[in-house]
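Shown next: final.txt, given as compact mmCIF, C-alpha atoms and all ligand atoms.
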# COMPACT_ATOMS: atom_id res chain seq x y z
CA MET A 173 34.43 54.13 -40.15
CA THR A 174 32.42 51.49 -41.96
CA ARG A 175 35.61 49.67 -42.74
CA LEU A 176 36.68 49.75 -39.12
CA ALA A 177 33.31 48.45 -38.01
CA SER A 178 33.47 45.58 -40.45
CA GLU A 179 37.02 44.81 -39.38
CA LYS A 180 35.81 44.69 -35.82
CA THR A 181 32.99 42.36 -36.79
CA ALA A 182 35.40 40.10 -38.64
CA ALA A 183 37.70 40.06 -35.63
CA ALA A 184 34.79 39.28 -33.32
CA ASP A 185 33.65 36.49 -35.66
CA ALA A 186 37.13 35.01 -35.71
CA ALA A 187 37.27 35.19 -31.91
CA THR A 188 33.91 33.43 -31.64
CA ARG A 189 35.05 30.76 -34.04
CA THR A 190 38.13 29.96 -32.02
CA THR A 191 36.66 30.35 -28.55
CA ALA A 192 33.30 28.71 -29.20
CA GLY A 193 33.28 24.95 -29.25
CA ILE A 194 34.14 23.67 -25.78
CA CYS A 195 36.10 25.71 -23.25
CA ILE A 196 37.19 23.96 -20.06
CA ASP A 197 38.76 26.37 -17.60
CA SER A 198 40.61 25.38 -14.40
CA LEU A 199 38.25 22.52 -13.69
CA GLY A 200 38.52 20.98 -10.25
CA HIS A 201 36.28 18.36 -8.75
CA ALA A 202 36.18 16.16 -5.66
CA PHE A 203 33.72 13.40 -4.82
CA PRO A 204 32.75 12.55 -1.24
CA THR A 205 34.17 9.27 0.05
CA LYS A 206 32.43 6.75 2.32
CA ASP A 207 34.54 7.76 5.32
CA GLY A 208 33.33 11.34 5.04
CA GLY A 209 36.43 12.60 3.24
CA ALA A 210 36.85 13.81 -0.31
CA MET A 211 38.58 12.24 -3.30
CA LEU A 212 40.15 14.75 -5.69
CA ALA A 213 39.01 13.53 -9.11
CA LEU A 214 40.07 16.48 -11.29
CA ASP A 215 42.73 19.06 -10.60
CA ASN A 216 43.08 22.28 -12.57
CA VAL A 217 42.11 20.84 -15.95
CA SER A 218 42.03 23.46 -18.73
CA PHE A 219 41.68 22.96 -22.47
CA GLU A 220 39.69 24.20 -25.42
CA VAL A 221 38.15 22.31 -28.28
CA PRO A 222 37.80 24.81 -31.13
CA ASN A 223 34.65 24.76 -33.18
CA GLY A 224 34.63 21.80 -35.54
CA GLN A 225 37.51 19.92 -33.94
CA PHE A 226 37.38 16.21 -33.15
CA LEU A 227 39.13 15.73 -29.81
CA ALA A 228 39.77 12.30 -28.32
CA VAL A 229 40.41 11.94 -24.59
CA VAL A 230 42.30 8.92 -23.24
CA GLY A 231 43.52 7.96 -19.79
CA ALA A 232 43.45 5.16 -17.24
CA SER A 233 40.18 3.95 -15.82
CA GLY A 234 38.99 6.33 -13.10
CA CYS A 235 41.04 9.33 -14.29
CA GLY A 236 37.94 11.50 -14.71
CA LYS A 237 37.03 11.28 -18.40
CA THR A 238 33.32 10.65 -17.86
CA THR A 239 33.26 13.30 -15.14
CA ILE A 240 34.53 15.90 -17.65
CA LEU A 241 31.91 14.81 -20.20
CA ASN A 242 29.16 14.95 -17.57
CA MET A 243 30.20 18.49 -16.75
CA ALA A 244 30.20 19.51 -20.42
CA ALA A 245 26.76 17.89 -20.70
CA GLY A 246 25.49 19.91 -17.74
CA LEU A 247 24.73 16.80 -15.68
CA ILE A 248 27.09 17.73 -12.84
CA ARG A 249 28.54 21.05 -11.75
CA PRO A 250 32.27 21.35 -11.07
CA VAL A 251 33.43 22.27 -7.58
CA SER A 252 35.74 24.84 -9.16
CA GLY A 253 36.39 26.20 -12.62
CA SER A 254 33.95 26.43 -15.49
CA VAL A 255 32.80 24.75 -18.67
CA LYS A 256 31.51 26.70 -21.64
CA VAL A 257 29.97 25.24 -24.76
CA GLY A 258 29.41 27.52 -27.72
CA GLY A 259 30.41 30.45 -25.52
CA GLU A 260 27.69 29.69 -22.96
CA GLU A 261 28.49 28.58 -19.41
CA VAL A 262 27.04 25.11 -18.90
CA VAL A 263 24.82 25.06 -15.82
CA LYS A 264 22.22 22.62 -17.18
CA PRO A 265 21.93 20.35 -20.24
CA LEU A 266 22.07 22.43 -23.42
CA ARG A 267 19.69 21.79 -26.33
CA ASP A 268 22.50 21.98 -28.87
CA THR A 269 24.59 19.22 -27.27
CA GLY A 270 24.27 15.51 -28.03
CA TYR A 271 25.59 12.93 -25.53
CA MET A 272 26.22 9.33 -26.49
CA PHE A 273 27.24 6.54 -24.13
CA ALA A 274 28.93 3.14 -24.50
CA ARG A 275 25.65 1.40 -23.77
CA ASP A 276 23.18 2.35 -26.43
CA GLY A 277 20.60 3.39 -23.81
CA LEU A 278 17.73 2.68 -26.20
CA LEU A 279 14.23 2.46 -24.77
CA PRO A 280 13.29 -1.23 -25.17
CA TRP A 281 9.56 -0.54 -25.48
CA ARG A 282 9.99 1.81 -28.43
CA SER A 283 10.77 0.86 -32.02
CA ALA A 284 14.05 1.97 -33.61
CA LEU A 285 12.22 4.83 -35.34
CA LYS A 286 10.56 5.96 -32.11
CA ASN A 287 13.92 5.79 -30.31
CA VAL A 288 15.46 8.08 -32.91
CA GLU A 289 12.54 10.48 -32.40
CA VAL A 290 13.12 10.85 -28.62
CA GLY A 291 15.30 13.98 -28.69
CA LEU A 292 13.07 15.58 -31.33
CA GLU A 293 10.01 14.96 -29.14
CA HIS A 294 11.74 16.68 -26.21
CA ARG A 295 12.38 19.64 -28.47
CA GLY A 296 8.74 19.85 -29.51
CA VAL A 297 9.30 19.01 -33.19
CA PRO A 298 5.91 18.28 -34.85
CA LYS A 299 5.04 14.61 -35.48
CA GLU A 300 5.40 14.48 -39.27
CA GLN A 301 8.69 16.40 -39.25
CA ARG A 302 9.97 14.09 -36.50
CA ARG A 303 9.14 11.02 -38.48
CA THR A 304 10.72 12.32 -41.68
CA ARG A 305 13.89 13.33 -39.87
CA ALA A 306 14.12 10.01 -37.97
CA LEU A 307 13.60 7.98 -41.17
CA HIS A 308 16.34 10.01 -42.85
CA MET A 309 18.74 9.44 -39.94
CA LEU A 310 18.06 5.68 -39.96
CA ASP A 311 18.90 5.75 -43.65
CA VAL A 312 22.14 7.68 -42.97
CA VAL A 313 23.32 5.00 -40.50
CA GLY A 314 22.39 2.19 -42.89
CA LEU A 315 19.24 1.03 -41.14
CA SER A 316 16.48 1.96 -43.56
CA GLY A 317 13.84 -0.76 -43.31
CA PHE A 318 14.52 -1.37 -39.60
CA GLY A 319 12.41 1.48 -38.22
CA ASP A 320 9.73 -0.85 -36.90
CA SER A 321 12.19 -3.22 -35.19
CA TYR A 322 12.53 -3.13 -31.43
CA PRO A 323 15.99 -2.93 -29.76
CA ALA A 324 15.78 -6.61 -28.67
CA GLN A 325 15.39 -7.61 -32.34
CA LEU A 326 18.59 -5.78 -33.35
CA SER A 327 22.28 -6.75 -32.99
CA GLN A 328 24.53 -4.69 -30.71
CA GLY A 329 26.05 -3.02 -33.79
CA MET A 330 22.60 -2.11 -35.10
CA ARG A 331 21.57 -0.75 -31.71
CA GLN A 332 24.66 1.47 -31.64
CA ARG A 333 23.70 2.67 -35.11
CA VAL A 334 20.25 3.58 -33.80
CA ALA A 335 21.92 5.41 -30.91
CA ILE A 336 24.11 7.36 -33.37
CA ALA A 337 21.03 8.24 -35.42
CA ARG A 338 19.22 9.38 -32.27
CA THR A 339 22.17 11.56 -31.19
CA LEU A 340 22.56 13.12 -34.64
CA ALA A 341 18.82 13.56 -35.25
CA ILE A 342 18.74 16.75 -33.19
CA ASN A 343 21.60 18.07 -35.33
CA PRO A 344 23.69 19.03 -32.29
CA GLY A 345 26.51 21.55 -32.70
CA THR A 346 28.50 19.69 -30.06
CA LEU A 347 28.85 15.95 -29.60
CA LEU A 348 29.98 14.32 -26.36
CA MET A 349 30.75 10.64 -26.77
CA ASP A 350 31.71 8.27 -23.95
CA GLU A 351 33.26 5.10 -25.36
CA PRO A 352 30.44 4.84 -27.91
CA PHE A 353 31.88 1.82 -29.72
CA ALA A 354 33.36 -0.04 -26.72
CA ALA A 355 30.70 -2.74 -26.67
CA LEU A 356 31.24 -3.77 -30.29
CA ASP A 357 33.31 -6.58 -31.82
CA ALA A 358 36.47 -5.44 -33.64
CA GLN A 359 35.03 -5.70 -37.15
CA THR A 360 31.75 -3.90 -36.42
CA LYS A 361 33.70 -1.30 -34.48
CA ILE A 362 35.92 -0.39 -37.44
CA ALA A 363 32.90 -0.32 -39.76
CA LEU A 364 30.99 2.02 -37.45
CA GLN A 365 34.04 4.25 -36.86
CA GLY A 366 34.28 4.66 -40.62
CA GLU A 367 30.57 5.37 -41.02
CA PHE A 368 30.61 7.85 -38.19
CA LEU A 369 33.65 9.68 -39.63
CA LYS A 370 31.97 9.93 -43.03
CA ILE A 371 28.94 11.58 -41.42
CA TRP A 372 31.13 13.81 -39.25
CA GLU A 373 33.42 14.89 -42.07
CA LYS A 374 30.43 16.35 -43.93
CA ASP A 375 29.67 19.09 -41.39
CA ARG A 376 32.35 18.76 -38.69
CA LYS A 377 30.63 19.24 -35.40
CA THR A 378 32.74 19.88 -32.32
CA VAL A 379 33.41 16.45 -30.79
CA MET A 380 34.78 15.33 -27.43
CA PHE A 381 35.24 11.58 -27.73
CA VAL A 382 36.36 9.45 -24.77
CA THR A 383 37.89 6.07 -25.49
CA HIS A 384 40.25 3.42 -24.09
CA ASP A 385 41.08 2.31 -27.59
CA LEU A 386 44.19 4.25 -28.64
CA ALA A 387 43.89 3.09 -32.27
CA GLU A 388 40.34 4.47 -32.31
CA ALA A 389 41.55 7.78 -30.86
CA VAL A 390 44.39 8.23 -33.36
CA SER A 391 42.47 7.03 -36.41
CA MET A 392 39.48 9.28 -35.78
CA ALA A 393 40.59 12.44 -33.98
CA ASP A 394 42.34 15.70 -34.87
CA ARG A 395 43.97 15.74 -31.46
CA VAL A 396 44.39 13.40 -28.49
CA LEU A 397 44.44 14.53 -24.88
CA VAL A 398 46.15 12.14 -22.46
CA LEU A 399 45.10 12.40 -18.80
CA THR A 400 46.84 11.23 -15.64
CA SER A 401 44.76 9.81 -12.81
CA ARG A 402 44.10 10.56 -9.17
CA PRO A 403 43.83 13.40 -9.64
CA GLY A 404 42.95 13.75 -13.30
CA ARG A 405 45.32 16.22 -14.95
CA ILE A 406 46.38 16.81 -18.52
CA HIS A 407 49.57 14.91 -19.26
CA ALA A 408 49.88 15.46 -23.01
CA ASP A 409 48.11 17.17 -25.88
CA ILE A 410 48.98 15.45 -29.16
CA THR A 411 48.07 16.74 -32.63
CA ILE A 412 47.01 14.06 -35.09
CA ASP A 413 48.08 15.49 -38.42
CA LEU A 414 46.69 12.74 -40.61
CA PRO A 415 44.84 13.76 -43.79
CA ARG A 416 41.05 13.71 -44.15
CA PRO A 417 38.83 12.15 -45.23
CA ARG A 418 40.12 9.21 -43.26
CA ASP A 419 39.20 5.56 -43.33
CA PRO A 420 39.92 4.02 -39.91
CA GLY A 421 40.10 0.59 -41.58
CA GLU A 422 42.81 1.68 -44.03
CA ILE A 423 44.80 4.19 -41.99
CA ARG A 424 45.94 1.43 -39.61
CA PHE A 425 48.67 0.50 -42.09
CA ASP A 426 49.95 4.06 -42.60
CA LYS A 427 53.51 4.69 -41.35
CA HIS A 428 52.79 8.12 -39.87
CA TYR A 429 49.65 6.78 -38.17
CA LEU A 430 51.75 4.04 -36.52
CA HIS A 431 54.27 6.65 -35.40
CA LEU A 432 51.52 8.80 -33.83
CA LEU A 433 49.92 5.74 -32.22
CA ASP A 434 53.26 4.84 -30.67
CA GLY A 435 53.57 8.43 -29.33
CA VAL A 436 50.13 8.28 -27.69
CA TRP A 437 50.91 4.83 -26.27
CA GLN A 438 54.22 6.02 -24.75
CA SER A 439 52.53 9.09 -23.35
CA LEU A 440 49.79 7.04 -21.70
CA LYS A 441 52.44 4.77 -20.16
CA GLU A 442 54.23 7.84 -18.73
CA ALA A 443 50.93 9.21 -17.41
CA GLU A 444 50.15 5.93 -15.68
CA ALA A 445 53.67 5.69 -14.24
CA ARG A 446 53.29 9.22 -12.91
CA ALA A 447 49.96 8.33 -11.28
CA GLY A 448 51.82 5.25 -10.08
N1 LIG A 501 29.19 9.87 -8.32
C1 LIG A 501 30.40 9.58 -7.84
N2 LIG A 501 30.62 9.46 -6.52
C2 LIG A 501 31.85 9.20 -6.03
N3 LIG A 501 32.94 9.04 -6.79
C3 LIG A 501 32.79 9.15 -8.11
C4 LIG A 501 31.51 9.42 -8.72
N4 LIG A 501 31.67 9.49 -10.07
C5 LIG A 501 32.98 9.24 -10.29
N5 LIG A 501 33.64 9.06 -9.14
C6 LIG A 501 35.09 8.82 -9.01
O1 LIG A 501 35.78 9.83 -9.73
C7 LIG A 501 36.87 9.29 -10.45
C8 LIG A 501 36.68 9.58 -11.92
O2 LIG A 501 35.57 8.84 -12.40
P1 LIG A 501 35.17 8.81 -13.93
O3 LIG A 501 33.96 7.96 -14.07
O4 LIG A 501 35.10 10.18 -14.44
O5 LIG A 501 36.43 8.06 -14.57
P2 LIG A 501 36.68 7.57 -16.06
O6 LIG A 501 37.98 8.15 -16.48
O7 LIG A 501 35.50 7.85 -16.90
O8 LIG A 501 36.85 5.99 -15.86
P3 LIG A 501 36.48 4.79 -16.88
O9 LIG A 501 37.55 4.81 -17.91
O10 LIG A 501 36.57 3.57 -16.01
O11 LIG A 501 35.11 5.03 -17.41
C9 LIG A 501 36.90 7.79 -10.11
O12 LIG A 501 37.85 7.59 -9.09
C10 LIG A 501 35.52 7.50 -9.63
O13 LIG A 501 35.52 6.47 -8.68
MG MG A 502 34.13 6.66 -17.91
In structure tokens, what does this structure look like?
Ligand SMILES: Nc1ncnc2c1ncn2[C@@H]1O[C@H](COP(=O)(O)OP(=O)(O)OP(=O)(O)O)[C@@H](O)[C@H]1O
Ligand SMILES: [Mg+2]
Amino acid sequence: MTRLASEKTAAADAATRTTAGICIDSLGHAFPTKDGGAMLALDNVSFEVPNGQFLAVVGASGCGKTTILNMAAGLIRPVSGSVKVGGEEVVKPLRDTGYMFARDGLLPWRSALKNVEVGLEHRGVPKEQRRTRALHMLDVVGLSGFGDSYPAQLSQGMRQRVAIARTLAINPGTLLMDEPFAALDAQTKIALQGEFLKIWEKDRKTVMFVTHDLAEAVSMADRVLVLTSRPGRIHADITIDLPRPRDPGEIRFDKHYLHLLDGVWQSLKEAEARAG
């Protein structure tokens, strides 16, 4: 009896592990158009991101990538279908989810340290704890000593680092990232990709990472989802079986990486031709 019960618990645990993370089920969405009609943005999109997986999503501009992230973030509700994060249906922003955009979105009137503290403040973390955590996160992203600087005094790369620190400060179980490194020059981008992967590889949060940069997708993710546009549908689901830990700066010369990159590139071309 006891054994059966524990077997059941183990089975339930395993089920939670695979079904938690992000679960997108039959998502459909239309936006109203100026002429009073409706534009079908997403059509029957279903996929799961198991706990601890790093998923990259690519697709032509306007195919619905940000819309999917906004739904997972609880900022908009889908017309049909559902989104679950950590087994919970998302009907409003969840405390355990971090969302990071291409633009750093830092508050210009607050110092770097105070920007990192924002999410902790919202969660009611006491002042001293907030400060200690924010200082630690600035250190993790290589910005110790810059806590008193204001966003305008920092480079774009440094501001993105502050934004990463702010997103990670709340220790979210799920990370939604919308082209977080798009505004950076090539060199800073590769450096930050590497730094972010090092942080991620330590505790492997569930990540949904949208990017237009196919090299970024393949060098960072466990899996790449390719979407078609108008309406957004899943065209391909490609496993990236490259070893970890990975260095996005080094992996670019790896033969298997180049093969996978070519596969994603061909798939995106097909998806665009199909949307035609
Ligand atoms: N609030 C809105 N009102 C009307 N249409 C919208 C709205 N938000 C998005 N859309 C439309 O829905 C489609 C998907 O938009 P979305 O921003 O999700 O695309 P995307 O894949 O993120 O594009 P990009 O790569 O350019 O960021 C687009 O055709 C867009 O014009
Ligand atoms: Mg977008």
- [ ] Would you mind reading off the distance between atom CA of Ser283 of chain A and atom CA of Phe318 of chain A, one decimal, in Å?
- [x]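 Separation between atom CA of Ser283 of chain A and atom CA of Phe318 of chain A: 8.7 Å.
Proximity of A:Arg376, A:Arg295, A:His384, A:Lys237 to ligand MG 502 (chain A), computed with only C-alpha atoms and all ligand atoms, is greatest for A:Lys237.
The residue set within 12 Å of Ile423 of chain A, counting all atoms listed in the file and dropping same-chain residues fewer than 3 places from it, reads A:Ile362, A:Gln365, A:Gly366, A:Ala387, A:Glu388, A:Val390, A:Ser391, A:Met392, A:Leu414, A:Pro415, A:Arg416, A:Pro417, A:Arg418, A:Asp419, A:Pro420, A:Asp426, A:Lys427, A:His428, A:Tyr429, A:Leu430, A:His431, A:Leu432, A:Leu433.
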- [ ] Within 7 Å of ligand MG 502 (chain A), which residues show up when you count only C-alpha atoms and all ligand atoms? List them as number ranges by chain, please.
- [x] A: 233-234, 236-238, 350
Open item on the list: For a quick check of understanding, using all atoms listed in the file, which of A:Met309, A:Met243, A:Ile412, A:Ala232 has the smallest distance to ligand LIG 501 (chain A)?
Closed with: A:Ala232
Open item on the list: If I take atom CA of Arg405 of chain A and atom CA of Ala210 of chain A, how far is one from the other in Å, to one decimal?
Closed with: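 Interatomic distance, atom CA of Arg405 of chain A to atom CA of Ala210 of chain A: 17.1 Å.
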Open item on the list: Just want the residues within 12 Å of ligand LIG 501 (chain A), written as a ChimeraX atom specification, counting all atoms listed in the file.
Closed with: /A:200-215,229-243,247-250,273-275,349-352,354,381-385,398-405
Please build the interface table for segment 213-245 of chain A against segment 367-375 of chain A with a cut-off of 12 Å, listing for each qualifying residue the nearest atom pair and the distance in Å to one decimal; count all atoms listed in the file, order rows by chain and increasing number, and write it as a tab-separated table.
residue	atom	partner	partner_atom	distance
A:Asn223	CA	A:Asp375	CA	11.2
A:Gly224	CA	A:Asp375	CA	8.1
A:Gln225	CA	A:Trp372	CA	10.3
A:Phe226	CA	A:Trp372	CA	9.1
Open item on the list: List as JSON, numbers by chain the protein and nucleic acid residues near Ala324 of chain A, meaning an atom at most 12 Å away when only C-alpha atoms are counted, but skip any in the same chain fewer than 3 places from it.
Closed with: {"A": [276, 278, 279, 280, 281, 282, 283, 284, 320, 321, 327, 328, 330, 331]}
Go ahead and dump the residues you just picked, C-alpha atoms, as an mmCIF file, keeping the file's coordinate frame.
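Here's the written file out18.cif:
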data_model
loop_
_atom_site.group_PDB
_atom_site.id
_atom_site.type_symbol
_atom_site.label_atom_id
_atom_site.label_comp_id
_atom_site.auth_asym_id
_atom_site.auth_seq_id
_atom_site.Cartn_x
_atom_site.Cartn_y
_atom_site.Cartn_z
ATOM 1 C CA ASP A 276 23.180 2.350 -26.430
ATOM 2 C CA LEU A 278 17.730 2.680 -26.200
ATOM 3 C CA LEU A 279 14.230 2.460 -24.770
ATOM 4 C CA PRO A 280 13.290 -1.230 -25.170
ATOM 5 C CA TRP A 281 9.560 -0.540 -25.480
ATOM 6 C CA ARG A 282 9.990 1.810 -28.430
ATOM 7 C CA SER A 283 10.770 0.860 -32.020
ATOM 8 C CA ALA A 284 14.050 1.970 -33.610
ATOM 9 C CA ASP A 320 9.730 -0.850 -36.900
ATOM 10 C CA SER A 321 12.190 -3.220 -35.190
ATOM 11 C CA SER A 327 22.280 -6.750 -32.990
ATOM 12 C CA GLN A 328 24.530 -4.690 -30.710
ATOM 13 C CA MET A 330 22.600 -2.110 -35.100
ATOM 14 C CA ARG A 331 21.570 -0.750 -31.710
#
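Taking atom CA of Thr269 of chain A as the reference point, atom CA of Lys299 of chain A is found at 21.7 Å.
For the set A:Thr411, A:Gln359, A:Gln438, A:Asn343, the residue with the smallest atom-to-atom gap to Gly270 of chain A is A:Asn343, counting all atoms listed in the file.
Considering the residues A:Val262, A:Leu440, A:Val334, A:Val288 and counting only C-alpha atoms, Val313 of chain A has its shortest atom-to-atom contact with A:Val334.
Closest to Lys377 of chain A among A:Ile406, A:Ala363, A:Ala192, A:Leu199 is A:Ala192, based on only C-alpha atoms.
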